[in-house]
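Visitor: My structure file work-v9.tsv, TSV, C-alpha atoms, is below:
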```
chain	number	residue	atom	x	y	z
A	1	MET	CA	0.00	0.00	0.00
A	2	PRO	CA	1.60	3.31	-1.06
A	3	GLN	CA	1.50	5.76	1.78
A	4	LEU	CA	0.96	9.50	1.81
A	5	ILE	CA	3.41	10.67	4.44
A	6	LYS	CA	2.48	13.89	6.21
A	7	VAL	CA	5.12	16.52	6.90
A	8	GLY	CA	4.00	18.99	9.57
A	9	MET	CA	5.04	22.55	10.18
A	10	ALA	CA	8.71	22.80	11.24
A	11	ASP	CA	9.37	19.21	10.23
A	12	TYR	CA	11.06	17.28	7.41
A	13	LYS	CA	10.80	13.72	6.14
A	14	ILE	CA	12.25	11.57	3.40
A	15	ALA	CA	10.55	8.73	1.54
A	16	CYS	CA	10.90	6.52	-1.50
A	17	HIS	CA	8.60	5.48	-4.38
A	18	PRO	CA	5.78	4.21	-4.21
A	19	ASN	CA	5.09	6.52	-1.26
A	20	SER	CA	4.46	10.28	-1.49
A	21	LEU	CA	5.13	13.20	0.80
A	22	ILE	CA	2.54	15.88	1.58
A	23	SER	CA	2.46	19.11	3.55
A	24	TYR	CA	-0.87	20.84	4.19
A	25	GLY	CA	-1.68	24.52	4.39
A	26	LEU	CA	1.58	26.34	3.78
A	27	GLY	CA	1.21	30.09	4.20
A	28	SER	CA	4.34	32.14	4.77
A	29	CYS	CA	6.25	28.93	5.41
A	30	VAL	CA	8.22	27.45	2.52
A	31	GLY	CA	8.09	23.83	1.40
A	32	ILE	CA	11.33	22.46	-0.05
A	33	ALA	CA	11.08	19.32	-2.15
A	34	LEU	CA	14.29	17.48	-3.08
A	35	TYR	CA	14.29	14.55	-5.51
A	36	ASP	CA	16.67	12.02	-7.04
A	37	SER	CA	15.02	10.62	-10.18
A	38	VAL	CA	17.17	7.46	-10.40
A	39	THR	CA	16.65	6.09	-6.88
A	40	LYS	CA	13.24	7.82	-6.64
A	41	ILE	CA	14.16	9.02	-3.18
A	42	GLY	CA	12.66	12.35	-2.20
A	43	GLY	CA	12.50	14.63	0.79
A	44	LEU	CA	10.17	17.39	1.91
A	45	ALA	CA	10.88	20.09	4.49
A	46	HIS	CA	8.37	22.65	5.82
A	47	ILE	CA	10.39	25.56	7.22
A	48	MET	CA	8.98	28.51	9.16
A	49	LEU	CA	11.90	30.89	9.48
A	50	PRO	CA	14.80	31.97	7.31
A	51	ASP	CA	17.78	31.86	9.62
A	52	SER	CA	18.65	30.00	12.83
A	53	SER	CA	21.49	32.39	13.69
A	54	GLN	CA	18.97	35.14	14.52
A	55	ALA	CA	16.77	32.93	16.70
A	56	ARG	CA	16.89	32.64	20.47
A	57	ASN	CA	15.94	29.01	20.45
A	58	VAL	CA	17.25	26.45	17.97
A	59	GLU	CA	16.05	23.28	19.66
A	60	ASN	CA	14.25	22.26	16.49
A	61	PRO	CA	16.60	22.66	13.48
A	62	ALA	CA	13.76	21.65	11.09
A	63	LYS	CA	12.18	25.06	11.75
A	64	PHE	CA	14.86	27.07	9.91
A	65	ALA	CA	15.86	27.10	6.24
A	66	ASP	CA	19.61	27.12	6.96
A	67	THR	CA	19.52	24.10	9.28
A	68	ALA	CA	16.66	22.05	7.76
A	69	ILE	CA	18.03	21.83	4.21
A	70	PRO	CA	21.42	20.28	5.15
A	71	LEU	CA	19.63	17.76	7.41
A	72	LEU	CA	17.18	16.82	4.69
A	73	LEU	CA	19.97	16.47	2.14
A	74	ASN	CA	22.06	14.39	4.50
A	75	ASP	CA	19.21	11.96	5.22
A	76	MET	CA	18.62	11.50	1.50
A	77	LEU	CA	22.30	10.79	0.84
A	78	LYS	CA	22.33	8.25	3.68
A	79	ALA	CA	19.30	6.56	2.10
A	80	GLY	CA	21.22	6.20	-1.16
A	81	ALA	CA	20.44	9.32	-3.19
A	82	GLN	CA	23.26	10.88	-5.24
A	83	LYS	CA	24.07	14.52	-4.58
A	84	GLN	CA	24.70	15.48	-8.24
A	85	ARG	CA	21.31	14.10	-9.31
A	86	ILE	CA	19.26	15.88	-6.63
A	87	ILE	CA	17.03	18.69	-7.84
A	88	ALA	CA	14.89	21.08	-5.82
A	89	LYS	CA	11.41	22.55	-6.17
A	90	ILE	CA	9.99	25.05	-3.71
A	91	ALA	CA	6.55	26.51	-2.93
A	92	GLY	CA	4.95	28.76	-0.31
A	93	GLY	CA	6.33	32.01	1.06
A	94	ALA	CA	3.02	33.86	0.77
A	95	GLN	CA	1.96	36.99	2.59
A	96	MET	CA	-1.43	36.06	3.97
A	97	PHE	CA	-2.56	39.44	5.28
A	98	SER	CA	-1.86	42.85	3.85
A	99	PHE	CA	-1.51	45.85	6.09
A	100	ALA	CA	-0.91	49.42	5.04
A	101	ASN	CA	2.39	49.80	6.86
A	102	ILE	CA	4.05	46.50	6.40
A	103	THR	CA	6.41	45.36	9.12
A	104	GLU	CA	9.42	43.05	8.81
A	105	ILE	CA	7.48	40.18	10.31
A	106	MET	CA	4.75	40.48	7.68
A	107	ARG	CA	7.38	40.12	4.94
A	108	ILE	CA	8.49	36.81	6.42
A	109	GLY	CA	7.28	34.77	3.42
A	110	GLU	CA	9.53	36.72	1.07
A	111	ARG	CA	12.48	36.41	3.46
A	112	ASN	CA	11.92	32.66	3.82
A	113	THR	CA	11.94	32.25	0.03
A	114	GLU	CA	15.14	34.29	-0.36
A	115	SER	CA	16.90	32.32	2.35
A	116	VAL	CA	15.87	28.95	0.88
A	117	LYS	CA	17.20	29.99	-2.54
A	118	ASN	CA	20.51	31.04	-0.98
A	119	ILE	CA	20.95	27.86	1.01
A	120	LEU	CA	20.20	25.72	-2.06
A	121	ARG	CA	22.75	27.70	-4.07
A	122	GLN	CA	25.39	27.26	-1.36
A	123	ALA	CA	24.70	23.52	-1.30
A	124	SER	CA	24.99	23.43	-5.14
A	125	ILE	CA	21.50	22.02	-5.56
A	126	GLN	CA	19.74	23.07	-8.72
A	127	LEU	CA	16.42	24.82	-8.14
A	128	ILE	CA	14.36	23.83	-11.17
A	129	ALA	CA	10.89	25.11	-10.26
A	130	ASN	CA	9.32	27.50	-7.83
A	131	ASP	CA	5.84	28.69	-6.99
A	132	THR	CA	6.27	31.25	-4.25
A	133	GLY	CA	4.71	34.52	-3.11
A	134	GLY	CA	1.14	35.72	-3.53
A	135	ASN	CA	-1.38	36.02	-0.72
A	136	PHE	CA	-2.80	32.49	-0.61
A	137	GLY	CA	-2.13	29.15	1.06
A	138	ARG	CA	-0.86	26.02	-0.67
A	139	THR	CA	-0.96	22.29	-0.01
A	140	ILE	CA	1.96	20.53	-1.69
A	141	GLU	CA	2.48	16.88	-2.55
A	142	LEU	CA	5.76	15.43	-3.80
A	143	ARG	CA	5.02	12.40	-5.98
A	144	LEU	CA	8.01	10.13	-5.86
A	145	ASP	CA	7.28	8.12	-9.03
A	146	THR	CA	7.91	11.20	-11.18
A	147	GLY	CA	9.24	13.90	-8.85
A	148	ILE	CA	6.29	16.10	-9.73
A	149	LEU	CA	5.34	18.61	-7.08
A	150	PHE	CA	1.55	18.91	-7.10
A	151	ILE	CA	0.23	22.19	-5.66
A	152	LYS	CA	-3.34	22.74	-4.52
A	153	THR	CA	-4.89	26.06	-3.55
A	154	ILE	CA	-8.40	27.10	-2.50
A	155	ASP	CA	-9.26	29.36	-5.40
A	156	LYS	CA	-6.04	29.84	-7.38
A	157	GLY	CA	-6.25	26.46	-9.10
A	158	GLU	CA	-3.83	23.54	-9.18
A	159	LYS	CA	-0.31	23.28	-10.54
A	160	PHE	CA	2.15	20.58	-11.42
A	161	LEU	CA	5.75	21.67	-10.99
B	1	MET	CA	13.26	32.24	29.35
B	2	SER	CA	12.43	31.47	25.75
B	3	GLU	CA	10.11	28.64	26.73
B	4	ASP	CA	8.79	30.19	29.94
B	5	ILE	CA	5.26	29.19	28.95
B	6	LEU	CA	6.17	25.60	29.76
B	7	SER	CA	6.75	26.50	33.41
B	8	LEU	CA	3.47	28.28	34.11
B	9	THR	CA	1.82	27.25	37.37
B	10	ALA	CA	-1.75	25.96	37.69
B	11	LEU	CA	-2.72	29.25	39.32
B	12	GLN	CA	-1.30	31.25	36.42
B	13	LEU	CA	-3.11	29.10	33.87
B	14	ASP	CA	-6.34	29.60	35.83
B	15	ALA	CA	-5.80	33.35	35.81
B	16	LEU	CA	-5.28	33.29	32.03
B	17	ARG	CA	-8.44	31.22	31.61
B	18	GLU	CA	-10.34	33.81	33.64
B	19	ILE	CA	-9.00	36.57	31.40
B	20	GLY	CA	-10.20	34.59	28.41
B	21	ASN	CA	-13.56	34.14	30.07
B	22	VAL	CA	-14.15	37.81	30.77
B	23	GLY	CA	-12.80	38.92	27.38
B	24	ALA	CA	-14.77	36.39	25.39
B	25	GLY	CA	-17.91	37.02	27.47
B	26	ASN	CA	-17.74	40.67	26.52
B	27	ALA	CA	-17.13	39.79	22.87
B	28	ALA	CA	-20.02	37.30	22.83
B	29	THR	CA	-22.35	39.96	24.23
B	30	ALA	CA	-21.26	42.33	21.46
B	31	LEU	CA	-21.85	39.68	18.80
B	32	SER	CA	-25.23	38.82	20.28
B	33	GLN	CA	-26.29	42.48	20.11
B	34	ILE	CA	-25.21	42.88	16.49
B	35	LEU	CA	-26.96	39.72	15.35
B	36	ASN	CA	-29.85	40.02	17.77
B	37	LYS	CA	-29.39	36.32	18.48
B	38	LYS	CA	-28.43	34.27	21.49
B	39	ILE	CA	-24.77	33.29	21.40
B	40	ASP	CA	-23.40	30.22	23.16
B	41	MET	CA	-19.84	30.35	24.34
B	42	SER	CA	-17.56	27.53	25.48
B	43	VAL	CA	-15.49	27.67	28.64
B	44	PRO	CA	-12.21	29.17	27.39
B	45	LYS	CA	-9.38	26.74	26.88
B	46	VAL	CA	-5.86	27.69	27.77
B	47	ALA	CA	-3.55	25.38	25.90
B	48	ILE	CA	0.18	25.16	25.45
B	49	LEU	CA	0.66	23.38	22.17
B	50	PRO	CA	3.57	22.51	19.91
B	51	LEU	CA	3.36	25.03	17.04
B	52	GLY	CA	2.51	22.39	14.46
B	53	GLU	CA	-0.52	21.20	16.42
B	54	VAL	CA	-2.29	24.56	16.66
B	55	PRO	CA	-4.11	24.14	13.29
B	56	GLU	CA	-5.68	20.91	14.60
B	57	VAL	CA	-7.78	23.02	17.02
B	58	VAL	CA	-9.79	24.33	14.06
B	59	GLY	CA	-10.06	21.12	12.05
B	60	GLY	CA	-6.60	20.65	10.54
B	61	PRO	CA	-4.22	22.75	8.44
B	62	ASP	CA	-6.14	22.28	5.18
B	63	SER	CA	-9.64	23.10	6.46
B	64	MET	CA	-11.13	26.12	4.74
B	65	VAL	CA	-11.67	29.08	7.03
B	66	ALA	CA	-12.13	32.81	7.10
B	67	GLY	CA	-9.71	34.55	9.43
B	68	VAL	CA	-9.80	38.10	10.75
B	69	TYR	CA	-6.41	39.04	12.13
B	70	LEU	CA	-5.57	41.99	14.36
B	71	ARG	CA	-2.42	42.98	16.15
B	72	VAL	CA	-2.67	44.10	19.76
B	73	PHE	CA	-0.68	47.22	20.61
B	74	GLY	CA	0.29	48.47	24.06
B	75	PRO	CA	2.38	47.20	26.95
B	76	ALA	CA	1.42	43.56	26.28
B	77	PRO	CA	1.42	43.13	22.50
B	78	GLY	CA	0.02	40.04	20.85
B	79	SER	CA	-2.26	38.75	18.12
B	80	ILE	CA	-5.96	38.20	17.89
B	81	LEU	CA	-7.41	35.87	15.34
B	82	PHE	CA	-11.09	35.19	14.77
B	83	LEU	CA	-11.43	32.03	12.70
B	84	LEU	CA	-14.66	30.69	11.22
B	85	PRO	CA	-15.24	27.71	8.96
B	86	ARG	CA	-15.97	29.05	5.48
B	87	GLU	CA	-19.66	28.09	5.60
B	88	SER	CA	-20.02	29.84	8.95
B	89	ALA	CA	-18.51	32.99	7.51
B	90	PHE	CA	-21.02	32.89	4.63
B	91	CYS	CA	-23.87	32.32	7.08
B	92	LEU	CA	-22.68	35.22	9.25
B	93	VAL	CA	-22.60	37.49	6.19
B	94	ASP	CA	-26.18	36.46	5.35
B	95	MET	CA	-27.27	37.45	8.86
B	96	LEU	CA	-25.42	40.76	8.82
B	97	MET	CA	-26.66	41.74	5.38
B	98	GLY	CA	-30.23	40.60	6.04
B	99	LYS	CA	-30.06	38.05	3.23
B	100	GLU	CA	-31.78	34.70	3.25
B	101	HIS	CA	-29.71	31.87	4.75
B	102	GLY	CA	-27.58	30.21	2.06
B	103	THR	CA	-27.45	33.24	-0.26
B	104	THR	CA	-23.77	34.07	0.13
B	105	GLN	CA	-21.43	31.69	-1.70
B	106	LEU	CA	-18.62	34.11	-2.46
B	107	LEU	CA	-17.54	37.23	-0.65
B	108	ASN	CA	-17.77	40.61	-2.36
B	109	SER	CA	-15.91	43.59	-0.97
B	110	MET	CA	-18.91	44.69	1.09
B	111	ASP	CA	-19.11	41.21	2.68
B	112	GLU	CA	-15.40	41.31	3.42
B	113	SER	CA	-15.77	44.70	5.11
B	114	ALA	CA	-18.63	43.33	7.19
B	115	LEU	CA	-16.55	40.36	8.39
B	116	MET	CA	-13.61	42.63	9.21
B	117	GLU	CA	-15.94	44.91	11.15
B	118	ILE	CA	-17.18	41.93	13.16
B	119	GLY	CA	-13.56	41.03	13.93
B	120	ASN	CA	-12.97	44.63	14.92
B	121	ILE	CA	-15.95	44.76	17.27
B	122	LEU	CA	-15.16	41.40	18.87
B	123	ALA	CA	-11.50	42.30	19.35
B	124	GLY	CA	-12.46	45.70	20.78
B	125	ALA	CA	-14.88	44.12	23.26
B	126	TYR	CA	-12.34	41.47	24.23
B	127	LEU	CA	-9.52	43.95	24.71
B	128	ASN	CA	-11.75	46.35	26.67
B	129	ALA	CA	-12.36	43.62	29.20
B	130	LEU	CA	-8.71	42.64	29.22
B	131	SER	CA	-7.63	46.28	29.70
B	132	PHE	CA	-10.11	46.74	32.54
B	133	PHE	CA	-8.93	43.55	34.21
B	134	THR	CA	-5.20	44.24	33.89
B	135	LYS	CA	-5.19	48.08	33.94
B	136	LEU	CA	-3.02	47.83	30.81
B	137	THR	CA	-4.05	49.91	27.81
B	138	LEU	CA	-4.40	47.45	24.94
B	139	LEU	CA	-5.52	48.62	21.51
B	140	PRO	CA	-6.32	46.65	18.36
B	141	SER	CA	-4.84	47.41	14.93
B	142	ILE	CA	-7.09	47.68	11.91
B	143	PRO	CA	-8.33	44.21	10.92
B	144	ALA	CA	-7.12	42.15	7.96
B	145	LEU	CA	-9.09	39.33	6.37
B	146	ALA	CA	-8.09	36.15	4.57
B	147	LEU	CA	-10.21	33.28	3.26
B	148	ASP	CA	-7.90	30.32	3.00
B	149	MET	CA	-6.49	27.16	4.59
B	150	ALA	CA	-6.34	27.24	8.40
B	151	GLY	CA	-2.66	26.26	8.43
B	152	ALA	CA	-1.74	29.06	6.05
B	153	ILE	CA	-3.63	31.68	8.06
B	154	LEU	CA	-2.31	30.48	11.42
B	155	SER	CA	1.25	30.40	10.08
B	156	VAL	CA	1.30	34.20	10.33
B	157	ILE	CA	1.07	33.98	14.11
B	158	LEU	CA	2.97	30.73	14.56
B	159	ILE	CA	5.99	32.11	12.72
B	160	GLN	CA	6.16	35.04	15.13
B	161	LEU	CA	6.10	32.63	18.08
B	162	GLY	CA	8.56	30.32	16.34
B	163	GLN	CA	11.27	32.95	16.69
B	164	MET	CA	11.18	32.42	20.45
B	165	GLY	CA	10.27	28.79	20.97
B	166	ASP	CA	8.47	25.72	19.76
B	167	HIS	CA	5.20	26.11	21.68
B	168	ALA	CA	2.25	28.47	21.54
B	169	LEU	CA	0.14	29.64	24.46
B	170	VAL	CA	-3.36	29.79	23.06
B	171	ILE	CA	-6.37	31.26	24.86
B	172	GLU	CA	-9.28	30.02	22.80
B	173	THR	CA	-13.06	30.26	23.02
B	174	GLU	CA	-15.64	28.72	20.74
B	175	PHE	CA	-18.76	30.68	19.81
B	176	SER	CA	-21.92	29.49	18.16
B	177	THR	CA	-25.36	30.86	17.47
B	178	GLU	CA	-28.23	28.94	19.00
B	179	SER	CA	-29.16	27.45	15.63
B	180	LYS	CA	-25.48	26.39	15.15
B	181	GLY	CA	-25.51	28.18	11.79
B	182	VAL	CA	-22.44	30.16	12.77
B	183	SER	CA	-19.57	28.93	14.87
B	184	GLY	CA	-16.13	30.34	15.26
B	185	HIS	CA	-12.95	30.30	17.30
B	186	PHE	CA	-11.53	33.34	18.95
B	187	PHE	CA	-7.79	33.20	19.70
B	188	LEU	CA	-5.69	35.49	21.82
B	189	ILE	CA	-2.03	34.69	21.39
B	190	PRO	CA	0.21	36.92	23.52
B	191	ASP	CA	3.68	37.69	22.15
B	192	PRO	CA	6.27	35.78	24.17
B	193	GLY	CA	7.35	38.74	26.32
B	194	SER	CA	3.77	39.85	27.01
B	195	LEU	CA	2.82	36.98	29.20
B	196	SER	CA	4.83	38.10	32.22
B	197	THR	CA	3.45	41.64	31.81
B	198	ILE	CA	-0.13	40.35	31.91
B	199	LEU	CA	0.53	38.01	34.82
B	200	SER	CA	2.23	40.64	36.95
B	201	ALA	CA	-0.52	43.17	36.13
B	202	ILE	CA	-3.05	40.82	37.72
B	203	GLY	CA	-0.70	39.88	40.55
B	204	VAL	CA	-0.01	36.21	39.84
B	205	THR	CA	3.73	36.23	39.30
B	206	GLU	CA	4.30	32.92	41.05
```
Rewrite the structure from the file as structure tokens, please.

Guide:
Amino acid sequence: MPQLIKVGMADYKIACHPNSLISYGLGSCVGIALYDSVTKIGGLAHIMLPDSSQARNVENPAKFADTAIPLLLNDMLKAGAQKQRIIAKIAGGAQMFSFANITEIMRIGERNTESVKNILRQASIQLIANDTGGNFGRTIELRLDTGILFIKTIDKGEKFL
Amino acid sequence: MSEDILSLTALQLDALREIGNVGAGNAATALSQILNKKIDMSVPKVAILPLGEVPEVVGGPDSMVAGVYLRVFGPAPGSILFLLPRESAFCLVDMLMGKEHGTTQLLNSMDESALMEIGNILAGAYLNALSFFTKLTLLPSIPALALDMAGAILSVILIQLGQMGDHALVIETEFSTESKGVSGHFFLIPDPGSLSTILSAIGVTE
């Protein structure tokens, strides 16, 4: 029985075909999907914040872009994925509410997206698709047979990345 | 310090529940007057939850909800979020606009304004009670509205808390009209530093 493995907020998981990985209701958080098409091993992280070095509490490294991505990558390599084959797709980073005078914290979606892109670049992982920004939530599913990232929204349609 | 909410005493949690009770009672009265309907209100819950579990309170991260969000300004800043299942929001709009039940299926800009105004009135009533109780002057920002997945809407608040720790202190009350046509959740989520300000204002520091 293929399983749909749920990745919660501030969490990451890896899995292999025929299973899939899903993360529900991403707002300003960013979902990072990594995939190796030969071994069909994939990983999904759901990060909340851009940078652990600015946080007071780093008990959960899966919460931050800079600490979650290396952990996710490492787990995939241990499971048998090859670094040079791994590609990345990302989604999320929305700004759910708009206020007239926008504060730093309201721009968090944008900052999360920027940080994720930087960390992927530093790790030499190719970012091949991205569906970020806007003012709406997304549910994302990484299908490990093809590596397609399926994105559902409430009223902005569906997408296959 | 960062996770001080995990070391709250039973007395402090009771005091927070009482704050929720008075605040939500005031808000329920306001809602009842606007709708001219009896409003039932649950006993407020004070919960300390891992951040990822907060969306479960309102039916899971992918449940469709309308959320009115306000910031609280003053000596004890925080966030207020009024969340309603989408159907409840539509039903509430029907009542406010004097339309027949089931008319609203999409929100126009007038409907959105009406929902934001409800959030505004509820937050004002809640904060009035809280200010009276604590002698702290707490004021709401203008409201903002989103109609989306509960997880996505809650992430706005959870991210702010995530900078300090991995848990959220949630003071939550459930409202419903007598006919159960409208139900909603009212959340007060104090910013991490605000909790000690509130507790010392009401004299329960230990």

Visitor: Interatomic distance between CA of Ile22 (chain A) and CA of Pro61 (chain B)?

Guide: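 Between CA of Ile22 (chain A) and CA of Pro61 (chain B) the gap works out to 11.8 Å.
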
Visitor: Using only C-alpha atoms for the distances, tell me which of A:Ile140, A:Ala10, A:Ile154, A:Ile128 is nearest to Val58 (chain A).

Guide: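 Smallest distance to Val58 (chain A) is found for A:Ala10.
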
Visitor: Please determine the contact residues of chain B with respect to chain A at a cut-off of 6 Å, counting only C-alpha atoms, and supply them as a ChimeraX atom specification.

Guide: /B:52,61-62,144,149,151-152,155,159,163-165

Visitor: Give me the residues within 10 Å of Leu34 (chain A) as number ranges by chain, counting all atoms listed in the file and dropping any in the same chain fewer than 6 places off.

Guide: A: 14, 41-45, 69, 72-73, 76, 85-90, 125-127, 142, 147, 149

Visitor: One decimal, Å: what's the distance from CA of Gly134 (chain A) over to CA of Ala150 (chain B), could you say?

Guide: 16.4 Å

Visitor: So the first atom is CA of Ala114 (chain B) and the second is CA of Leu83 (chain B); what is the distance between them in Å, to one decimal place?

Guide: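 Spanning CA of Ala114 (chain B) to CA of Leu83 (chain B) is a straight-line distance of 14.5 Å.
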
Visitor: Any chance you could turn region 191-200 of chain B into a file with all heavy atoms, as an mmCIF file, in the first residue's frame?

Guide:
```cif
data_model
loop_
_atom_site.group_PDB
_atom_site.id
_atom_site.type_symbol
_atom_site.label_atom_id
_atom_site.label_comp_id
_atom_site.auth_asym_id
_atom_site.auth_seq_id
_atom_site.Cartn_x
_atom_site.Cartn_y
_atom_site.Cartn_z
ATOM 1 N N ASP B 191 2.279 37.802 22.560
ATOM 2 C CA ASP B 191 3.676 37.691 22.154
ATOM 3 C C ASP B 191 4.445 37.125 23.346
ATOM 4 O O ASP B 191 4.049 37.328 24.496
ATOM 5 C CB ASP B 191 4.241 39.070 21.790
ATOM 6 C CG ASP B 191 3.717 39.545 20.436
ATOM 7 O OD1 ASP B 191 2.992 38.779 19.779
ATOM 8 O OD2 ASP B 191 4.042 40.685 20.055
ATOM 9 N N PRO B 192 5.570 36.446 23.076
ATOM 10 C CA PRO B 192 6.274 35.777 24.168
ATOM 11 C C PRO B 192 6.554 36.672 25.385
ATOM 12 O O PRO B 192 6.310 36.271 26.512
ATOM 13 C CB PRO B 192 7.563 35.318 23.500
ATOM 14 C CG PRO B 192 7.149 35.061 22.093
ATOM 15 C CD PRO B 192 6.152 36.131 21.764
ATOM 16 N N GLY B 193 7.010 37.897 25.179
ATOM 17 C CA GLY B 193 7.352 38.741 26.321
ATOM 18 C C GLY B 193 6.141 39.285 27.076
ATOM 19 O O GLY B 193 6.269 39.776 28.199
ATOM 20 N N SER B 194 4.957 39.211 26.448
ATOM 21 C CA SER B 194 3.772 39.854 27.009
ATOM 22 C C SER B 194 3.175 39.100 28.176
ATOM 23 O O SER B 194 2.468 39.661 28.999
ATOM 24 C CB SER B 194 2.687 39.986 25.940
ATOM 25 O OG SER B 194 3.153 40.782 24.903
ATOM 26 N N LEU B 195 3.461 37.817 28.216
ATOM 27 C CA LEU B 195 2.825 36.977 29.205
ATOM 28 C C LEU B 195 3.157 37.420 30.626
ATOM 29 O O LEU B 195 2.280 37.548 31.483
ATOM 30 C CB LEU B 195 3.295 35.541 28.980
ATOM 31 C CG LEU B 195 2.383 34.480 29.512
ATOM 32 C CD1 LEU B 195 0.970 34.671 29.002
ATOM 33 C CD2 LEU B 195 2.922 33.128 29.113
ATOM 34 N N SER B 196 4.439 37.704 30.861
ATOM 35 C CA SER B 196 4.835 38.098 32.224
ATOM 36 C C SER B 196 4.234 39.461 32.567
ATOM 37 O O SER B 196 3.877 39.706 33.719
ATOM 38 C CB SER B 196 6.355 38.117 32.358
ATOM 39 O OG SER B 196 6.913 38.933 31.367
ATOM 40 N N THR B 197 4.086 40.342 31.566
ATOM 41 C CA THR B 197 3.454 41.644 31.806
ATOM 42 C C THR B 197 2.005 41.462 32.259
ATOM 43 O O THR B 197 1.557 42.080 33.223
ATOM 44 C CB THR B 197 3.471 42.498 30.511
ATOM 45 O OG1 THR B 197 4.785 42.463 29.963
ATOM 46 C CG2 THR B 197 3.048 43.925 30.784
ATOM 47 N N ILE B 198 1.273 40.596 31.561
ATOM 48 C CA ILE B 198 -0.131 40.352 31.906
ATOM 49 C C ILE B 198 -0.229 39.725 33.302
ATOM 50 O O ILE B 198 -1.016 40.156 34.138
ATOM 51 C CB ILE B 198 -0.804 39.429 30.859
ATOM 52 C CG1 ILE B 198 -0.890 40.137 29.512
ATOM 53 C CG2 ILE B 198 -2.197 39.000 31.322
ATOM 54 C CD1 ILE B 198 -1.386 39.266 28.369
ATOM 55 N N LEU B 199 0.609 38.724 33.539
ATOM 56 C CA LEU B 199 0.532 38.012 34.824
ATOM 57 C C LEU B 199 0.897 38.916 35.996
ATOM 58 O O LEU B 199 0.243 38.863 37.038
ATOM 59 C CB LEU B 199 1.433 36.774 34.794
ATOM 60 C CG LEU B 199 0.922 35.630 33.907
ATOM 61 C CD1 LEU B 199 1.986 34.550 33.753
ATOM 62 C CD2 LEU B 199 -0.367 35.036 34.449
ATOM 63 N N SER B 200 1.895 39.786 35.812
ATOM 64 C CA SER B 200 2.231 40.638 36.952
ATOM 65 C C SER B 200 1.201 41.745 37.124
ATOM 66 O O SER B 200 0.951 42.190 38.247
ATOM 67 C CB SER B 200 3.660 41.182 36.848
ATOM 68 O OG SER B 200 3.814 41.920 35.681
#
```
